[in-house]
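A.B. asks: Have a look at this one before I ask anything.
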Amino acid sequence: TNVPDIEDMKRMGELLEDLGVRVEQTALRTFRLSPPKAPKHHPSDALFRRLRASIVLVGPLLARCGEVTFVFPGGCSIGRRPIDIFLDGFRNMGATIASEEDAECTTFTLRGKLKGADIFEKIPSVTATETFLLAAVLARGRTTIRNAAMEPEIVALAEFLNSSGARIEGAGTPTISVFGRAGKLLEGVEPVCKIIPD
């Protein structure tokens, strides 16, 4: 609920639908998402290039499918921004990473069963912290995110995940602990996520 009516949300909805998620608008600024049992592990290249925040899908897809292939995310008016912090974190969690470059883009393929790890963010990043939270929830063992972003969005995401069966401690501080569910999916009963103002 309270989903902002902005272009980024429309792009994310398209990406989720491409992966097999059923996205229904049930009221003004209110959507119901129904995930598939087996999502695609390769999101649309064209859609991924249009939204910087598409990178947050990499962790959950890797945790769910054991593999994810994606192109370098785009959609940022600043220009091409590095994704090293994400790749380093996933590598720490046990993923193998391969990349291919051509004239148009770089394509990454990550594989492996995620395990808990100690992740240090060189620069606190809201998007990276969110991405690692989403991945670590389904990993095996404890993940500690150090120098984590502390913005209200992080706290809101952690609270929603906890209401859905996750165990996350320390959100809103520089050190967050996530106790992974070893691939067991979240099981909140009709969870409702009210998006905070942003």
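Chains: A, B, ... in order of the structure tokens. Residues: from 1 per chain. Ligands: from 1, in order shown.
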Residues of stretch 8-124 of chain A classed as strand (DSSP E) by DSSP on the backbone are to be reported as a PyMOL selection string.
C.D. replies: chain A and resi 22-27+30-34+67-71+96-101+106-111+118-120
A.B. asks: Write out as a ChimeraX atom specification the residues lying within 12 Å of A:Leu57, counting only C-alpha atoms and excluding same-chain residues fewer than 5 positions away.
C.D. replies: /A:12-13,15-16,19,39-44,48,51-52,62-65,68-70,73,86,127-128,130-135
A.B. asks: List the spatial neighbours of stretch 90-95 of chain A as an NGL selection string - criterion: any atom at most 8 Å away, only C-alpha atoms, same-chain residues fewer than 3 positions off excluded.
C.D. replies: :A and (59 or 86-87 or 110-119)
A.B. asks: Emit the selected residues as a compact mmCIF listing (two decimals), in the first residue's frame, including N, CA, C and O atoms.
C.D. replies:
# COMPACT_ATOMS: atom_id res chain seq x y z
N GLY A 59 19.69 -10.64 -5.70
CA GLY A 59 19.84 -11.48 -4.52
C GLY A 59 18.72 -12.48 -4.34
O GLY A 59 18.96 -13.69 -4.19
N PHE A 86 28.05 -4.87 -4.92
CA PHE A 86 27.09 -5.97 -4.99
C PHE A 86 27.80 -7.29 -5.31
O PHE A 86 27.58 -8.31 -4.66
N LEU A 87 28.66 -7.25 -6.33
CA LEU A 87 29.36 -8.46 -6.74
C LEU A 87 30.26 -8.99 -5.63
O LEU A 87 30.31 -10.20 -5.37
N LEU A 110 25.60 -15.27 -12.09
CA LEU A 110 25.98 -15.66 -10.73
C LEU A 110 25.34 -17.02 -10.45
O LEU A 110 24.17 -17.24 -10.78
N ARG A 111 26.12 -17.90 -9.82
CA ARG A 111 25.62 -19.23 -9.48
C ARG A 111 26.06 -19.61 -8.07
O ARG A 111 27.11 -19.17 -7.61
N GLY A 112 25.27 -20.46 -7.43
CA GLY A 112 25.67 -21.01 -6.14
C GLY A 112 24.57 -20.92 -5.11
O GLY A 112 23.62 -20.15 -5.25
N LYS A 113 24.72 -21.72 -4.06
CA LYS A 113 23.81 -21.65 -2.91
C LYS A 113 24.39 -20.64 -1.94
O LYS A 113 25.54 -20.77 -1.52
N LEU A 114 23.60 -19.66 -1.59
CA LEU A 114 24.10 -18.59 -0.73
C LEU A 114 24.24 -19.06 0.71
O LEU A 114 23.39 -19.78 1.23
N LYS A 115 25.34 -18.62 1.32
CA LYS A 115 25.56 -18.91 2.74
C LYS A 115 25.85 -17.60 3.46
O LYS A 115 26.24 -16.61 2.86
N GLY A 116 25.65 -17.63 4.77
CA GLY A 116 25.90 -16.44 5.57
C GLY A 116 27.34 -15.97 5.44
O GLY A 116 28.25 -16.77 5.24
N ALA A 117 27.53 -14.67 5.54
CA ALA A 117 28.86 -14.11 5.35
C ALA A 117 28.97 -12.81 6.13
O ALA A 117 27.98 -12.25 6.60
N ASP A 118 30.21 -12.34 6.24
CA ASP A 118 30.49 -11.03 6.82
C ASP A 118 30.71 -10.07 5.66
O ASP A 118 31.67 -10.23 4.90
N ILE A 119 29.81 -9.12 5.48
CA ILE A 119 29.87 -8.19 4.36
C ILE A 119 30.18 -6.80 4.89
O ILE A 119 29.48 -6.30 5.79
A.B. asks: Select, from A:Arg22, A:Lys194, A:Arg32, A:Arg50, the residue with the minimum atom-to-atom distance to A:Glu7, counting only C-alpha atoms.
C.D. replies: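 The closest residue to A:Glu7 is A:Arg50.
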A.B. asks: Find the residues near A:Asn162: any atom within 10 Å, counting only C-alpha atoms, skip ones fewer than 6 places away on the same chain, and give them as a PyMOL selection string.
C.D. replies: chain A and resi 137+156+168-169+186+188
A.B. asks: Would you mind telling me which residue in A:Leu185, A:Ile85, A:Ala148, A:Val3 lies nearest to A:Leu161 when using only C-alpha atoms?
C.D. replies: A:Leu185
A.B. asks: One decimal, in Å: what's the spacing between atom CA of A:Gly165 and atom CA of A:Gly183?
C.D. replies: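 Those two atoms sit 12.5 Å apart.
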A.B. asks: For A:Thr129, work out the shell of residues within 9 Å, counting only C-alpha atoms and skipping chain neighbours fewer than 5 positions away, then give it as an MDAnalysis selection string.
C.D. replies: chainID A and resid 121 124 134 145 148:150 154
A.B. asks: Please indicate the distance in Å from atom CA of A:Thr26 to atom CA of A:Cys193, rounded to one decimal place.
C.D. replies: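 Taking atom CA of A:Thr26 and atom CA of A:Cys193, their separation equals 14.0 Å.
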A.B. asks: What's the 8 Å shell around A:Glu153, counting only C-alpha atoms, without same-chain residues fewer than 2 positions away, as a list in words?
C.D. replies: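 Answer for this query is Val126, Glu151, Val155, Ala156, Leu157 and Ile196 of chain A.
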A.B. asks: Using atom CA of A:Ser164 and atom CA of A:Gly180 as the two end points, give the distance in Å to one decimal.
C.D. replies: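 If I compute the distance from atom CA of A:Ser164 to atom CA of A:Gly180, I get 13.1 Å.
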A.B. asks: So which one's closest to A:Val192, A:Val56, A:Arg49, A:Phe160, A:Ser34? Using only C-alpha atoms, please.
C.D. replies: A:Phe160
